[in-house]
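**Student:** One structure is given below, represented as structure tokens, and several questions about it will come after.
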There are 2 protein chains.
Amino acid sequence: MAVQGEEHGRADALRNRAALLDAAADVLAVAPQASLSEVATRAGLGRATLYRHFENRDALRAAIRTEALSRASAALAGAGLPECDTHEGIRRAAAVLVPLGMRFRILLTEGADNDEDFLAARNEALEPLFGVLVRGVANGELSRSANPAWLGLVLAGMLMSAVRAAGAGLIDPDRAGDLVANAFVSGFGPR
Amino acid sequence: MAVQGEEHGRADALRNRAALLDAAADVLAVAPQASLSEVATRAGLGRATLYRHFENRDALRAAIRTEALSRASAALAGAGLPECDTHEGIRRAAAVLVPLGMRFRILLTEGADNDEDFLAARNEALEPLFGVLVRGVANGELSRSANPAWLGLVLAGMLMSAVRAAGAGLIDPDRAGDLVANAFVSGFGPR
DNA sequence: TAGAAGCGAGACATTATTGTCTCATTTGGG
DNA sequence: CCCAAATGAGACAATAATGTCTCGCTTCTA
């Protein structure tokens with residue numbers, strides 16, 4: 001009957017599950033109190049179908065976060081950050097994270113102030129990027145006096161801004177990564 | 001009977017109204033779907049009192065935004081930005097905005113993706129800061145090739161990050177303004 | 001200190017949302 | 001081509017939030 005789990009089942013069911021996650025990410029990012037009925041409608045599906053895929057609101061939210069995490073994790077893992085110097089590493093990270101759009105935004109805002117497990121998983125997913133910052137501070141490509149955690153927060157904030165700016169047409173999405181990386185490295189480089 | 005308006009009435013009523021706005025800003029920033037009962041409890045007041053001050057949820061949200069706007073506006077207006085060079089202007093702006101904490105965060109996220117009037121009012125409130133950026137680009141203290149709107153978004157993102165970092169104890173709140181300003185100016189300065 | 005303004009507690013009807021279920025219909029895969 | 005899987009529409013009860021109201025008490029303020 002129901003699907004509930006994740007990556008097994010009929011092809012259309014998987015499509016619909018993905019559509020629901022897309023719609024939920026878009027709708028809930030803007031209006032977190034929106035009803036699940038609105039989410040289903042946005043996805044072009046019936047409310048009952050949403051409940052077939054996600055037990056309740058929390059399960060849906062959890063699934064969004066999980067999916068955003070795995071997307072970000074895969075994107076960073078495939079970017080070859082360990083072999084890069086600081087500037088190139090940040091450039092690549094920005095280039096793969098900005099296209100995640102709302103998903104990335106959710107990663108940084110959703111439940112970010114409470115849920116402990118989620119924060120741990122997020123740190124793990126973003127670890128390759130964090131590693132670039134730590135190495136940069138250690139070898140002097142970034143200011144040695146900076147706290148890497150604070151650098152990470154600022155970079156995340158700048159990436160969020162880039163997502164919004166790209167969405168608003170203020171900057172070229174393909175150039176967003178370079179803009180962020182250049183500004184960040186010269187902003188937090190050594191004297 | 002009711003108060004409903006804003007700055008008239010008995011002293012304790014004004015106190016309570018402020019407490020409700022404080023509580024609402026804190027609670028709704030973290031959990032936007034929280035019930036108004038929770039908000040009232042957080043404020044240490046009864047639910048009925050909340051309804052005496054704010055007609056409904058939307059009125060409360062509107063009041064939060066209005067208050068955040070006027071605080072930010074007053075803070076920036078009193079900072080003497082027009083007489084500053086770019087670096088000092090950004091330093092001062094950051095110094096007065098970061099202490100607004102959650103209020104500033106709400107200014108940037110709440111309804112930021114839809115409400116047209118609000119966006120206009122926000123632009124007006126932040127105009128002194130935006131003016132610093134425009135002047136900086138024009139006179140070469142910031143990169144002449146940068147789009148001021150994009151610079152504004154990035155600076156806002158960095159300020160948000162500073163608010164969170166200060167809240168998490170990652171940086172000294174009193175130094176947050178300097179950290180942001182220094183990084184921003186060297187990040188987006190001329191070659 | 002008296003009267004008015006504000007408050008808490010809670011009852012109450014109303015409404016919206018949630019979560020479950022059924023049944024007829026469509027769709028995909030073997 | 002056929003059956004199982006998946007869906008839509010909608011009925012339904014249960015729950016939760018909303019908004020209004022009253023009454024007795026407290027706290028300002030003139």
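Ordering of the structure tokens sets the chain letters (A, B, ...); residue numbers start at 1 within each chain; ligands are numbered from 1 in the order shown.
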Compile a residue-level contact table for chain A against chain C at a cut-off of 9 Å, reporting for every qualifying residue the shortest atom pair and its distance in Å to one decimal, with only C-alpha atoms (C1' of nucleotides) counted, rows ordered by chain and ascending number, as a Markdown table.
**Tutor:**
| residue | atom | partner | partner_atom | distance |
| --- | --- | --- | --- | --- |
| A:Arg10 | CA | C:DG28 | C1' | 7.2 |
| A:Ala11 | CA | C:DG28 | C1' | 7.6 |
| A:Asp12 | CA | C:DG28 | C1' | 7.7 |
| A:Ser35 | CA | C:DT17 | C1' | 7.2 |
| A:Leu36 | CA | C:DT17 | C1' | 8.6 |
| A:Ser37 | CA | C:DT17 | C1' | 9.0 |
| A:Tyr51 | CA | C:DG19 | C1' | 8.2 |
| A:Glu55 | CA | C:DG19 | C1' | 8.6 |
| A:Asn56 | CA | C:DG19 | C1' | 7.9 |
**Student:** Give me a file of those residues, with C-alpha atoms, as a PDB file, in the first residue's frame.
**Tutor:**
ATOM      1  CA  ARG A  10       7.251   2.335  -8.595  1.00  0.00           C
ATOM      2  CA  ALA A  11       8.791   5.010 -10.747  1.00  0.00           C
ATOM      3  CA  ASP A  12       5.883   7.422 -10.533  1.00  0.00           C
ATOM      4  CA  SER A  35      -0.822  23.679   5.711  1.00  0.00           C
ATOM      5  CA  LEU A  36       0.147  20.350   4.228  1.00  0.00           C
ATOM      6  CA  SER A  37      -2.783  20.772   1.906  1.00  0.00           C
ATOM      7  CA  TYR A  51       0.241  11.404   3.777  1.00  0.00           C
ATOM      8  CA  GLU A  55       3.487  10.237   8.133  1.00  0.00           C
ATOM      9  CA  ASN A  56       3.013  13.812   9.320  1.00  0.00           C
TER      10      ASN A  56
END
**Student:** Pairing every Cα of chain B with chain A in order, what RMSD remains after the least-squares superposition?
**Tutor:**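 My reading of the C-alpha RMSD is 0.1 Å.
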**Student:** Find the residues in chain D near chain B: any atom within 8 Å counts, using only C-alpha atoms (C1' of nucleotides). Write them as a list of chain:residue names.
**Tutor:**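 So the residues of chain D near chain B are D:DA17, D:DG19, D:DC28.
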**Student:** Using only C-alpha atoms (C1' of nucleotides), determine which residues lie at most 10 Å from Gly44 of chain A, disregarding the query and same-chain residues fewer than 2 positions distant; provide the list as a tab-separated table (two decimals) with C-alpha atoms, in the first residue's frame.
**Tutor:**
chain	number	residue	atom	x	y	z
A	16	ASN	CA	5.84	12.14	-6.77
A	19	ALA	CA	7.84	16.54	-6.31
A	20	LEU	CA	6.44	16.69	-2.79
A	23	ALA	CA	7.13	21.74	-3.23
A	38	GLU	CA	-1.06	23.74	0.32
A	39	VAL	CA	2.12	21.75	-0.05
A	40	ALA	CA	0.32	18.91	-1.79
A	41	THR	CA	-1.48	21.29	-4.10
A	42	ARG	CA	1.76	23.04	-5.01
A	46	GLY	CA	-3.67	15.19	-3.57
A	47	ARG	CA	-3.38	15.61	0.14
**Student:** Which residues of chain B are close to chain A, meaning at most 9 Å apart when you count only C-alpha atoms, and how do they look as JSON, numbers by chain?
**Tutor:** {"B": [30, 31, 32, 33, 34, 109, 110, 111, 112, 113, 114, 147, 149, 150, 153, 154, 155, 156, 157, 158, 159, 160, 161, 162, 164, 165, 170, 171, 180, 182, 183, 184, 185, 186, 187, 188, 189]}
**Student:** In segment 80-146 of chain B, what's alpha helix (DSSP H) per DSSP? Answer as a VMD selection string?
**Tutor:** chain B and resid 86 to 97 102 to 109 116 to 125 127 to 139
**Student:** Have a look at atom CA of Val98 of chain A and atom CA of Val163 of chain A and let me know their distance in Å, one decimal.
**Tutor:**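 Separation of atom CA of Val98 of chain A and atom CA of Val163 of chain A: 5.6 Å.
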**Student:** So the first atom is atom CA of Leu133 of chain A and the second is atom CA of Ala93 of chain A; what is the distance between them in Å, to one decimal place?
**Tutor:**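 Calculated distance between atom CA of Leu133 of chain A and atom CA of Ala93 of chain A is 11.3 Å.
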